[in-house]
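A.B. asks: What follows is the file final-v9.pdb, containing PDB, C-alpha atoms:
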```
ATOM      1  CA  MET A 248      72.795 114.212  79.393
ATOM      2  CA  PRO A 249      72.332 110.646  78.090
ATOM      3  CA  ARG A 250      72.407 107.744  80.522
ATOM      4  CA  LEU A 251      75.445 105.484  80.602
ATOM      5  CA  LEU A 252      75.896 101.701  80.633
ATOM      6  CA  LEU A 253      79.412 100.355  81.206
ATOM      7  CA  LEU A 254      80.095  96.724  80.216
ATOM      8  CA  ASP A 255      83.470  95.284  81.287
ATOM      9  CA  ALA A 256      83.757  92.705  78.476
ATOM     10  CA  LYS A 257      85.141  90.116  80.891
ATOM     11  CA  TYR A 258      87.360  87.357  79.518
ATOM     12  CA  GLU A 259      85.082  84.304  79.394
ATOM     13  CA  LYS A 260      87.568  81.485  79.916
ATOM     14  CA  PRO A 261      89.084  80.569  83.295
ATOM     15  CA  ILE A 262      92.393  82.294  83.982
ATOM     16  CA  LYS A 263      94.807  79.516  84.813
ATOM     17  CA  LEU A 264      98.010  79.517  86.786
ATOM     18  CA  THR A 265      99.837  77.914  83.876
ATOM     19  CA  ASN A 266     102.889  75.672  84.080
ATOM     20  CA  LYS A 267     104.961  78.407  82.468
ATOM     21  CA  LEU A 268     104.021  80.877  85.206
ATOM     22  CA  LYS A 269     104.444  78.258  87.962
ATOM     23  CA  THR A 270     107.950  77.480  86.666
ATOM     24  CA  TYR A 271     108.841  81.198  86.719
ATOM     25  CA  LEU A 272     107.569  81.607  90.295
ATOM     26  CA  LYS A 273     109.452  78.522  91.467
ATOM     27  CA  LYS A 274     112.681  79.426  89.674
ATOM     28  CA  HIS A 275     112.713  82.901  91.248
ATOM     29  CA  LYS A 276     111.646  81.599  94.688
ATOM     30  CA  ILE A 277     108.713  84.013  94.821
ATOM     31  CA  LYS A 278     106.975  84.127  98.212
ATOM     32  CA  SER A 279     104.545  86.990  97.671
ATOM     33  CA  VAL A 280     102.918  88.486  94.603
ATOM     34  CA  ALA A 281     101.202  91.854  94.197
ATOM     35  CA  ILE A 282      98.475  91.142  91.643
ATOM     36  CA  PHE A 283      96.954  93.687  89.252
ATOM     37  CA  ALA A 284      94.786  93.180  86.176
ATOM     38  CA  SER A 285      92.811  95.051  83.577
ATOM     39  CA  THR A 286      89.062  94.813  84.163
ATOM     40  CA  GLN A 287      88.687  92.009  81.601
ATOM     41  CA  PHE A 288      90.845  89.706  83.740
ATOM     42  CA  THR A 289      89.812  90.349  87.353
ATOM     43  CA  ASN A 290      87.940  87.030  87.823
ATOM     44  CA  LEU A 291      90.909  85.470  89.563
ATOM     45  CA  ASN A 292      89.483  83.402  92.450
ATOM     46  CA  ASP A 293      90.821  80.054  91.167
ATOM     47  CA  PHE A 294      94.103  81.634  90.103
ATOM     48  CA  ILE A 295      94.602  83.065  93.593
ATOM     49  CA  SER A 296      93.622  79.761  95.306
ATOM     50  CA  ASN A 297      96.211  77.967  93.211
ATOM     51  CA  LEU A 298      98.852  80.524  94.159
ATOM     52  CA  LYS A 299      98.105  79.853  97.832
ATOM     53  CA  LYS A 300      98.497  76.111  97.239
ATOM     54  CA  LEU A 301     102.058  76.888  96.121
ATOM     55  CA  LYS A 302     102.524  78.759  99.439
ATOM     56  CA  ILE A 303     102.791  82.058  97.614
ATOM     57  CA  LYS A 304     101.060  84.931  99.348
ATOM     58  CA  PRO A 305      98.797  86.947  97.040
ATOM     59  CA  LEU A 306      98.762  90.671  97.864
ATOM     60  CA  ILE A 307      95.670  92.497  96.669
ATOM     61  CA  THR A 308      94.576  96.105  96.823
ATOM     62  CA  LYS A 309      92.085  98.453  95.228
ATOM     63  CA  ALA A 310      93.285 101.395  93.217
ATOM     64  CA  LYS A 311      91.430 104.465  94.448
ATOM     65  CA  ARG A 312      89.848 105.273  91.072
ATOM     66  CA  THR A 313      88.695 101.767  90.205
ATOM     67  CA  ASN A 314      85.505 100.012  91.161
ATOM     68  CA  ASP A 315      87.030  96.569  91.796
ATOM     69  CA  LYS A 316      89.937  95.135  93.728
ATOM     70  CA  LEU A 317      92.808  93.949  91.517
ATOM     71  CA  GLN A 318      91.878  96.306  88.678
ATOM     72  CA  ILE A 319      94.368  98.928  87.565
ATOM     73  CA  LEU A 320      93.888 101.971  85.322
ATOM     74  CA  GLY A 321      96.487 103.878  83.363
ATOM     75  CA  CYS A 322      96.152 106.869  85.706
ATOM     76  CA  ASP A 323      97.187 104.719  88.705
ATOM     77  CA  CYS A 324     100.765 105.837  88.149
ATOM     78  CA  TYR A 325     101.598 107.395  91.539
ATOM     79  CA  ASN A 326     102.701 105.542  94.672
ATOM     80  CA  ASP A 327      99.583 106.746  96.501
ATOM     81  CA  SER A 328      97.200 105.532  93.773
ATOM     82  CA  PHE A 329      96.441 102.379  95.784
ATOM     83  CA  GLN A 330      94.686 101.764  99.098
ATOM     84  CA  GLN A 331      97.443  99.425 100.330
ATOM     85  CA  PRO A 332     101.199  99.700  99.587
ATOM     86  CA  ILE A 333     101.454  96.154  98.200
ATOM     87  CA  ILE A 334     104.028  97.055  95.530
ATOM     88  CA  GLU A 335     106.555  97.797  98.264
ATOM     89  CA  LYS A 336     105.754  94.585 100.178
ATOM     90  CA  ALA A 337     105.724  92.025  97.362
ATOM     91  CA  ASN A 338     108.565  89.894  95.966
ATOM     92  CA  LEU A 339     106.970  90.150  92.544
ATOM     93  CA  ILE A 340     104.572  92.533  90.809
ATOM     94  CA  LEU A 341     102.312  90.598  88.465
ATOM     95  CA  TYR A 342     100.099  92.222  85.848
ATOM     96  CA  ILE A 343      97.465  90.061  84.172
ATOM     97  CA  GLY A 344      96.310  91.334  80.797
ATOM     98  CA  ASP A 345      97.865  92.529  77.584
ATOM     99  CA  GLY A 346      99.407  95.752  76.316
ATOM    100  CA  LEU A 347     101.985  98.000  77.980
ATOM    101  CA  PHE A 348      99.824 100.933  79.087
ATOM    102  CA  HIS A 349      98.676  99.491  82.432
ATOM    103  CA  PRO A 350     101.868  97.673  83.504
ATOM    104  CA  LYS A 351     103.884 100.803  82.717
ATOM    105  CA  ALA A 352     101.719 102.605  85.299
ATOM    106  CA  LEU A 353     103.070 100.114  87.870
ATOM    107  CA  LEU A 354     106.635 101.162  86.975
ATOM    108  CA  LEU A 355     105.772 104.876  87.025
ATOM    109  CA  ALA A 356     104.133 104.420  90.444
ATOM    110  CA  GLN A 357     107.554 103.416  91.781
ATOM    111  CA  LYS A 358     109.473 106.377  90.343
ATOM    112  CA  ASN A 359     110.154 107.857  93.775
ATOM    113  CA  ASN A 360     110.819 104.523  95.513
ATOM    114  CA  LYS A 361     114.408 103.649  96.358
ATOM    115  CA  THR A 362     113.945 100.097  95.105
ATOM    116  CA  LYS A 363     112.233  99.791  91.745
ATOM    117  CA  LYS A 364     110.781  96.388  91.074
ATOM    118  CA  PRO A 365     110.194  95.009  87.595
ATOM    119  CA  VAL A 366     106.699  94.017  86.499
ATOM    120  CA  LEU A 367     105.960  90.546  85.184
ATOM    121  CA  MET A 368     103.267  90.724  82.515
ATOM    122  CA  PHE A 369     101.191  87.564  82.117
ATOM    123  CA  ASN A 370      98.965  87.373  79.049
ATOM    124  CA  PRO A 371      96.531  84.561  79.929
ATOM    125  CA  ILE A 372      95.242  84.228  76.358
ATOM    126  CA  ALA A 373      98.649  83.573  74.821
ATOM    127  CA  ASP A 374     100.175  82.122  78.028
ATOM    128  CA  LYS A 375     102.998  84.613  77.505
ATOM    129  CA  LEU A 376     105.295  86.073  80.150
ATOM    130  CA  THR A 377     107.166  89.359  79.635
ATOM    131  CA  LEU A 378     109.290  91.110  82.238
ATOM    132  CA  ILE A 379     109.507  94.885  81.993
ATOM    133  CA  ASP A 380     111.669  97.119  84.154
ATOM    134  CA  ASN A 381     112.621 100.745  84.668
ATOM    135  CA  LYS A 382     114.627 100.854  81.427
ATOM    136  CA  ILE A 383     111.445 101.330  79.411
ATOM    137  CA  ILE A 384     110.512 104.494  81.333
ATOM    138  CA  ASN A 385     114.030 105.980  81.622
ATOM    139  CA  ASP A 386     113.524 108.367  78.684
ATOM    140  CA  GLN A 387     110.247 109.527  80.213
ATOM    141  CA  LEU A 388     111.849 110.206  83.587
ATOM    142  CA  LYS A 389     114.753 112.108  81.997
ATOM    143  CA  LYS A 390     112.300 114.249  80.027
ATOM    144  CA  ALA A 391     110.182 114.798  83.143
ATOM    145  CA  LYS A 392     113.237 116.096  85.013
ATOM    146  CA  ARG A 393     114.187 118.410  82.161
ATOM    147  CA  ASN A 394     110.586 119.673  81.905
ATOM    148  CA  LEU A 395     110.443 120.467  85.629
ATOM    149  CA  LYS A 396     113.550 122.642  85.256
ATOM    150  CA  PHE A 397     111.962 124.485  82.337
ATOM    151  CA  PHE A 398     108.753 124.944  84.356
ATOM    152  CA  LEU A 399     110.621 126.360  87.348
ATOM    153  CA  ASN A 400     112.335 128.933  85.117
ATOM    154  CA  ALA A 401     109.345 129.733  82.901
ATOM    155  CA  GLU A 402     107.692 133.128  83.226
ATOM    156  CA  THR A 403     104.756 132.392  80.919
ATOM    157  CA  ILE A 404     102.894 129.158  81.509
ATOM    158  CA  GLY A 405     100.013 127.467  79.671
ATOM    159  CA  ILE A 406      97.579 125.296  81.623
ATOM    160  CA  LEU A 407      95.666 122.686  79.631
ATOM    161  CA  VAL A 408      92.121 121.708  80.651
ATOM    162  CA  THR A 409      89.948 119.082  78.962
ATOM    163  CA  ILE A 410      86.144 119.206  78.886
ATOM    164  CA  LYS A 411      85.956 115.393  79.296
ATOM    165  CA  PRO A 412      83.989 115.133  82.583
ATOM    166  CA  GLY A 413      86.178 112.364  84.063
ATOM    167  CA  GLN A 414      89.372 114.336  83.471
ATOM    168  CA  GLN A 415      88.168 117.912  83.833
ATOM    169  CA  PHE A 416      89.909 119.885  86.577
ATOM    170  CA  LEU A 417      89.151 123.502  85.718
ATOM    171  CA  ASN A 418      88.969 124.602  89.367
ATOM    172  CA  GLN A 419      92.444 123.236  90.044
ATOM    173  CA  ALA A 420      93.697 124.989  86.902
ATOM    174  CA  ILE A 421      92.271 128.304  88.129
ATOM    175  CA  LYS A 422      93.907 127.776  91.552
ATOM    176  CA  LEU A 423      97.229 127.025  89.878
ATOM    177  CA  LYS A 424      96.937 130.141  87.688
ATOM    178  CA  GLU A 425      96.354 132.255  90.804
ATOM    179  CA  HIS A 426      99.261 130.557  92.576
ATOM    180  CA  LEU A 427     101.601 131.207  89.630
ATOM    181  CA  GLU A 428     100.471 134.828  89.301
ATOM    182  CA  ASN A 429     101.209 135.331  92.998
ATOM    183  CA  GLN A 430     104.784 134.399  92.046
ATOM    184  CA  ASN A 431     104.752 137.153  89.390
ATOM    185  CA  LYS A 432     104.433 134.645  86.558
ATOM    186  CA  LYS A 433     101.900 134.888  83.758
ATOM    187  CA  ALA A 434      99.530 131.931  83.225
ATOM    188  CA  TYR A 435      96.942 131.212  80.542
ATOM    189  CA  ILE A 436      94.295 128.492  80.668
ATOM    190  CA  PHE A 437      93.552 126.597  77.435
ATOM    191  CA  ILE A 438      90.424 124.436  77.042
ATOM    192  CA  ASP A 439      89.796 121.628  74.547
ATOM    193  CA  ASN A 440      88.183 118.175  74.298
ATOM    194  CA  THR A 441      90.917 115.682  73.361
ATOM    195  CA  LEU A 442      94.184 117.519  74.009
ATOM    196  CA  ASP A 443      96.105 117.483  70.740
ATOM    197  CA  ILE A 444      99.786 118.007  71.516
ATOM    198  CA  ASN A 445     100.356 119.177  67.921
ATOM    199  CA  GLN A 446      98.521 122.376  68.867
ATOM    200  CA  LEU A 447     101.283 123.366  71.320
ATOM    201  CA  GLU A 448     103.455 124.810  68.540
ATOM    202  CA  ASN A 449     100.739 127.364  67.763
ATOM    203  CA  TYR A 450     101.437 129.132  71.066
ATOM    204  CA  PRO A 451     105.143 129.989  70.939
ATOM    205  CA  PHE A 452     104.750 132.561  73.745
ATOM    206  CA  ILE A 453     104.219 129.720  76.266
ATOM    207  CA  GLN A 454     107.494 128.659  77.900
ATOM    208  CA  ALA A 455     106.139 125.648  79.809
ATOM    209  CA  TRP A 456     102.859 123.736  79.870
ATOM    210  CA  VAL A 457     100.895 122.140  82.698
ATOM    211  CA  ASN A 458      98.553 119.262  81.884
ATOM    212  CA  THR A 459      95.507 118.823  84.120
ATOM    213  CA  ALA A 460      93.901 115.950  82.139
ATOM    214  CA  CYS A 461      95.034 112.312  82.043
ATOM    215  CA  PRO A 462      98.395 112.128  83.880
ATOM    216  CA  ARG A 463      99.824 109.843  81.222
ATOM    217  CA  ILE A 464      99.936 112.873  78.889
ATOM    218  CA  GLY A 465     102.523 114.368  81.255
ATOM    219  CA  THR A 466     104.455 111.112  81.637
ATOM    220  CA  ASP A 467     104.251 109.332  78.263
ATOM    221  CA  ASP A 468     103.317 111.871  75.568
ATOM    222  CA  ILE A 469     106.110 114.240  76.661
ATOM    223  CA  THR A 470     108.655 112.025  74.901
ATOM    224  CA  ASN A 471     107.035 112.938  71.567
ATOM    225  CA  ILE A 472     107.164 116.715  71.994
ATOM    226  CA  ASN A 473     109.839 119.327  72.429
ATOM    227  CA  GLU A 474     107.674 121.762  74.388
ATOM    228  CA  PRO A 475     108.188 121.261  78.139
ATOM    229  CA  MET A 476     105.098 119.894  79.880
ATOM    230  CA  ILE A 477     104.479 118.665  83.411
ATOM    231  CA  ASN A 478     101.396 117.361  85.211
ATOM    232  CA  ILE A 479      99.435 119.537  87.639
ATOM    233  CA  ARG A 480     100.430 117.295  90.535
ATOM    234  CA  GLU A 481     104.098 118.171  89.999
ATOM    235  CA  ALA A 482     103.211 121.823  89.304
ATOM    236  CA  SER A 483     101.864 122.208  92.825
ATOM    237  CA  ASN A 484     105.301 121.407  94.258
ATOM    238  CA  PRO A 485     107.867 121.311  91.425
ATOM    239  CA  ILE A 486     110.909 121.580  93.682
ATOM    240  CA  LYS A 487     109.873 118.489  95.633
ATOM    241  CA  ALA A 488     109.096 116.615  92.405
ATOM    242  CA  LEU A 489     112.458 117.559  90.921
ATOM    243  CA  GLY A 490     114.248 116.636  94.155
ATOM    244  CA  ALA A 491     112.732 113.155  94.074
ATOM    245  CA  LEU A 492     113.888 112.610  90.485
ATOM    246  CA  GLU A 493     117.374 114.053  91.221
ATOM    247  CA  ASP A 494     117.742 111.708  94.219
ATOM    248  CA  ASP A 495     116.929 108.836  91.934
ATOM    249  CA  SER A 496     119.675 109.851  89.465
ATOM    250  CA  LYS A 497     122.203 110.025  92.343
ATOM    251  CA  ASN A 498     121.205 106.553  93.537
ATOM    252  CA  LYS A 499     121.877 105.173  90.060
ATOM    253  CA  LYS A 500     125.382 106.690  89.905
ATOM    254  CA  HIS A 501     126.512 105.024  93.153
TER     255      HIS A 501
ATOM    256  CA  MET B 144      86.346  85.284  73.886
ATOM    257  CA  TYR B 145      85.013  88.252  75.849
ATOM    258  CA  ASN B 146      81.550  88.407  77.386
ATOM    259  CA  LEU B 147      79.940  91.408  75.711
ATOM    260  CA  GLU B 148      76.747  91.091  77.806
ATOM    261  CA  LEU B 149      74.622  91.893  74.766
ATOM    262  CA  GLU B 150      71.476  90.663  76.536
ATOM    263  CA  LYS B 151      72.102  93.257  79.246
ATOM    264  CA  ALA B 152      72.569  95.948  76.592
ATOM    265  CA  ILE B 153      69.288  94.977  74.877
ATOM    266  CA  LYS B 154      67.450  94.830  78.199
ATOM    267  CA  THR B 155      68.742  98.261  79.221
ATOM    268  CA  ILE B 156      67.797  99.867  75.888
ATOM    269  CA  ASN B 157      64.287  98.387  76.054
ATOM    270  CA  LYS B 158      63.788  99.177  79.744
ATOM    271  CA  GLN B 159      64.849 102.784  79.259
ATOM    272  CA  LYS B 160      62.893 103.029  75.995
ATOM    273  CA  ALA B 161      65.973 104.611  74.461
ATOM    274  CA  LYS B 162      65.351 105.832  70.938
ATOM    275  CA  GLN B 163      68.910 106.717  69.957
ATOM    276  CA  VAL B 164      71.921 104.896  71.412
ATOM    277  CA  LEU B 165      75.640 105.505  70.938
ATOM    278  CA  ILE B 166      77.964 102.529  71.347
ATOM    279  CA  GLN B 167      81.657 102.937  72.153
ATOM    280  CA  LEU B 168      84.114 100.080  71.745
ATOM    281  CA  PRO B 169      87.818  99.696  72.508
ATOM    282  CA  ASP B 170      89.951  99.317  69.360
ATOM    283  CA  GLY B 171      90.136  95.528  69.669
ATOM    284  CA  LEU B 172      86.351  95.212  69.563
ATOM    285  CA  LYS B 173      85.623  97.784  66.828
ATOM    286  CA  GLN B 174      85.689  95.041  64.189
ATOM    287  CA  LYS B 175      82.560  93.632  65.858
ATOM    288  CA  SER B 176      80.688  96.954  65.827
ATOM    289  CA  ASN B 177      78.545  96.076  62.789
ATOM    290  CA  ASP B 178      77.436  92.776  64.361
ATOM    291  CA  ILE B 179      76.622  94.556  67.624
ATOM    292  CA  VAL B 180      74.595  97.261  65.877
ATOM    293  CA  ASP B 181      72.699  94.665  63.809
ATOM    294  CA  LEU B 182      71.846  92.660  66.918
ATOM    295  CA  LEU B 183      70.794  95.685  68.974
ATOM    296  CA  GLU B 184      68.639  97.073  66.160
ATOM    297  CA  GLU B 185      66.986  93.686  65.632
ATOM    298  CA  ASN B 186      66.098  93.371  69.294
ATOM    299  CA  THR B 187      65.182  96.941  70.197
ATOM    300  CA  LYS B 188      63.379  99.863  68.618
ATOM    301  CA  ALA B 189      66.424 102.087  69.002
ATOM    302  CA  ARG B 190      68.590 103.583  66.307
ATOM    303  CA  ILE B 191      72.209 102.672  67.108
ATOM    304  CA  PHE B 192      75.239 104.822  66.311
ATOM    305  CA  ILE B 193      78.927 103.884  66.510
ATOM    306  CA  TRP B 194      81.541 106.181  68.100
ATOM    307  CA  PHE B 195      84.257 106.513  65.456
ATOM    308  CA  GLY B 196      87.257 107.508  67.547
ATOM    309  CA  GLY B 197      89.205 106.336  70.565
ATOM    310  CA  THR B 198      87.752 105.528  73.964
ATOM    311  CA  PHE B 199      90.368 105.690  76.672
ATOM    312  CA  GLY B 200      88.162 104.742  79.619
ATOM    313  CA  ALA B 201      85.145 105.643  81.688
ATOM    314  CA  CYS B 202      86.969 108.945  82.288
ATOM    315  CA  ASP B 203      86.599 109.673  78.576
ATOM    316  CA  LEU B 204      82.880 110.045  77.840
ATOM    317  CA  PRO B 205      81.635 111.888  74.760
ATOM    318  CA  LEU B 206      80.088 115.294  75.212
ATOM    319  CA  GLY B 207      77.364 116.986  73.198
ATOM    320  CA  MET B 208      75.287 113.830  72.857
ATOM    321  CA  ASP B 209      72.173 115.663  74.083
ATOM    322  CA  ILE B 210      72.412 117.914  70.994
ATOM    323  CA  LEU B 211      72.172 114.759  68.870
ATOM    324  CA  ASN B 212      69.277 113.432  71.005
ATOM    325  CA  ILE B 213      71.284 110.398  72.142
ATOM    326  CA  ASP B 214      69.415 108.860  75.107
ATOM    327  CA  LEU B 215      71.951 106.244  76.114
ATOM    328  CA  VAL B 216      75.696 105.661  75.745
ATOM    329  CA  ILE B 217      76.968 102.079  76.039
ATOM    330  CA  GLN B 218      80.712 101.731  76.567
ATOM    331  CA  TRP B 219      82.384  98.342  76.452
ATOM    332  CA  GLY B 220      85.659  97.368  78.062
ATOM    333  CA  HIS B 221      85.554  99.755  80.986
ATOM    334  CA  ASN B 222      84.289  99.888  84.526
ATOM    335  CA  LYS B 223      82.943 102.547  86.862
ATOM    336  CA  PHE B 224      85.481 105.339  87.397
ATOM    337  CA  ASN B 225      85.859 107.192  90.684
ATOM    338  CA  LYS B 226      87.092 110.627  89.738
ATOM    339  CA  GLN B 227      89.772 112.245  91.866
ATOM    340  CA  LEU B 228      92.781 114.422  91.190
ATOM    341  CA  TRP B 229      95.777 112.186  90.697
TER     342      TRP B 229
END
```
Represent the structure of the file as structure tokens.
C.D. replies:
Amino acid sequence: MPRLLLLDAKYEKPIKLTNKLKTYLKKHKIKSVAIFASTQFTNLNDFISNLKKLKIKPLITKAKRTNDKLQILGCDCYNDSFQQPIIEKANLILYIGDGLFHPKALLLAQKNNKTKKPVLMFNPIADKLTLIDNKIINDQLKKAKRNLKFFLNAETIGILVTIKPGQQFLNQAIKLKEHLENQNKKAYIFIDNTLDINQLENYPFIQAWVNTACPRIGTDDITNINEPMINIREASNPIKALGALEDDSKNKKH
Amino acid sequence: MYNLELEKAIKTINKQKAKQVLIQLPDGLKQKSNDIVDLLEENTKARIFIWFGGTFGACDLPLGMDILNIDLVIQWGHNKFNKQLW
């Protein structure tokens, strides 16, 4: 195996608490902020000091898969992805960086919470603020609920395993296959490198799929496919997962 | 705008006496790949190759590099990943 060097490509300029962001915080009377960033933007000492000067409490945690505090990855999309439950405690969830992939994880992480807080995205390069809320993941959650129902009723299930070392969970796939076969279901394990969802249509005998690779395949990519797919985490207890999503739908109706 | 730590990359290649190196860049930095290769080849004895496709994170490392005799993979834009089932 070759050796590996990882270089963060940190943003070189200071990340400022800009007037635009200060005005937003003041206008919304924010008292505490849960701060997350992509690895390029985690040099936030001055930014955090300036928040404290405004008497705003910064709440910081480390996601379990990351190497640094503040940093978030796309797979940090469950409420137990973080060492401390700062999302639940904060007035505001602030994401520093660009793109939607990481801040959407912060919305997905709240999918089973009663109160779902929006995420304020702050792009320090453009000094741009964008507020995103649960509306942008509604289609995903609806599809996830539908897919869980298909999975529960499926008799033939395909389990997808990647060979990418960081996302490879073959042992868990084998355990799931055994678990499903104990329930008199049939399960097949499929192995590939990058999981190409276009391949699903080549296996029409599969009634529902379980993804064991990046969890965002089972939360985001499912909106682009008709074949029902869930993540392995939900497959281990699909009734509980479905119950949590059903409770959420009931809360919305009242 | 971003600190690519090219000195660290050169130092690592030279220290490890890597002969063949694969570099992986996020999409936003791919336009700089030629400049990076030129600089690394000028300052090391290594042959540098560019990963063509996507790089989703430190969880997404290329396989089969030993078949191509790649000694070192350098991935920009990502940090150490602690693998665990999500």
A.B. asks: Using the chain letters and numbers from this file, what does the ChimeraX specification (/A :<10) & /B select? Give the answer as an MDAnalysis selection string.
C.D. replies: chainID B and resid 144:149 151:152 155:156 159 161 163:168 172 197 199:210 212:229
A.B. asks: How many Å lie between CA of Lys302 (chain A) and CA of Asn338 (chain A), rounded to one decimal?
C.D. replies: 13.1 Å
A.B. asks: Would you mind reading off the distance between CA of Asn418 (chain A) and CA of Asn458 (chain A), one decimal, in Å?
C.D. replies: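 Between CA of Asn418 (chain A) and CA of Asn458 (chain A) the gap is 13.3 Å.
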A.B. asks: Could you please give me, as number ranges by chain, the residues of protein, DNA or RNA lying at most 12 Å from (105.2, 112.8, 82.4) in the coordinate frame of the file, considering all atoms listed in the file?
C.D. replies: A: 322, 324-325, 352, 355-356, 358, 384-395, 456-472, 475-482, 488, 492
A.B. asks: Out of A:Asn370, A:Ser296, A:Asn326, A:Thr403, which residue has the shortest atom-to-atom distance to Tyr450 (chain A) when counting all atoms listed in the file?
C.D. replies: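 Distance minimum relative to Tyr450 (chain A) lands on A:Thr403.
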A.B. asks: With N, CA and C atoms as the target, complete region 196-213 of chain B and hand it back as a short mmCIF file (atom, residue, chain, number, x, y, z; two decimals), in the frame of the given file.
C.D. replies:
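out06.cif, written as the output of this step:
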```
data_model
loop_
_atom_site.label_atom_id
_atom_site.label_comp_id
_atom_site.auth_asym_id
_atom_site.auth_seq_id
_atom_site.Cartn_x
_atom_site.Cartn_y
_atom_site.Cartn_z
N GLY B 196 85.90 107.32 67.04
CA GLY B 196 87.26 107.51 67.55
C GLY B 196 87.62 106.65 68.74
N GLY B 197 88.68 107.08 69.43
CA GLY B 197 89.20 106.34 70.56
C GLY B 197 88.34 106.49 71.81
N THR B 198 88.44 105.50 72.67
CA THR B 198 87.75 105.53 73.96
C THR B 198 88.77 105.08 74.99
N PHE B 199 89.26 106.02 75.78
CA PHE B 199 90.37 105.69 76.67
C PHE B 199 89.92 105.13 78.02
N GLY B 200 88.63 105.27 78.34
CA GLY B 200 88.16 104.74 79.62
C GLY B 200 86.87 105.41 80.02
N ALA B 201 86.38 105.03 81.21
CA ALA B 201 85.14 105.64 81.69
C ALA B 201 85.37 107.12 82.05
N CYS B 202 86.65 107.53 82.07
CA CYS B 202 86.97 108.94 82.29
C CYS B 202 86.82 109.74 81.00
N ASP B 203 86.55 109.06 79.91
CA ASP B 203 86.60 109.67 78.58
C ASP B 203 85.25 109.49 77.87
N LEU B 204 84.23 110.17 78.41
CA LEU B 204 82.88 110.04 77.84
C LEU B 204 82.64 111.16 76.82
N PRO B 205 81.87 110.86 75.77
CA PRO B 205 81.64 111.89 74.76
C PRO B 205 80.70 112.97 75.27
N LEU B 206 80.95 114.17 74.83
CA LEU B 206 80.09 115.29 75.21
C LEU B 206 79.23 115.72 74.02
N GLY B 207 78.20 116.45 74.28
CA GLY B 207 77.36 116.99 73.20
C GLY B 207 76.35 115.99 72.68
N MET B 208 76.21 114.86 73.34
CA MET B 208 75.29 113.83 72.86
C MET B 208 73.84 114.27 72.97
N ASP B 209 73.55 115.17 73.93
CA ASP B 209 72.17 115.66 74.08
C ASP B 209 71.76 116.48 72.85
N ILE B 210 72.72 117.15 72.22
CA ILE B 210 72.41 117.91 70.99
C ILE B 210 71.94 116.95 69.88
N LEU B 211 72.53 115.76 69.89
CA LEU B 211 72.17 114.76 68.87
C LEU B 211 70.99 113.88 69.31
N ASN B 212 70.40 114.22 70.45
CA ASN B 212 69.28 113.43 71.00
C ASN B 212 69.66 111.97 71.26
N ILE B 213 70.87 111.75 71.72
CA ILE B 213 71.28 110.40 72.14
C ILE B 213 70.76 110.20 73.57
#
```
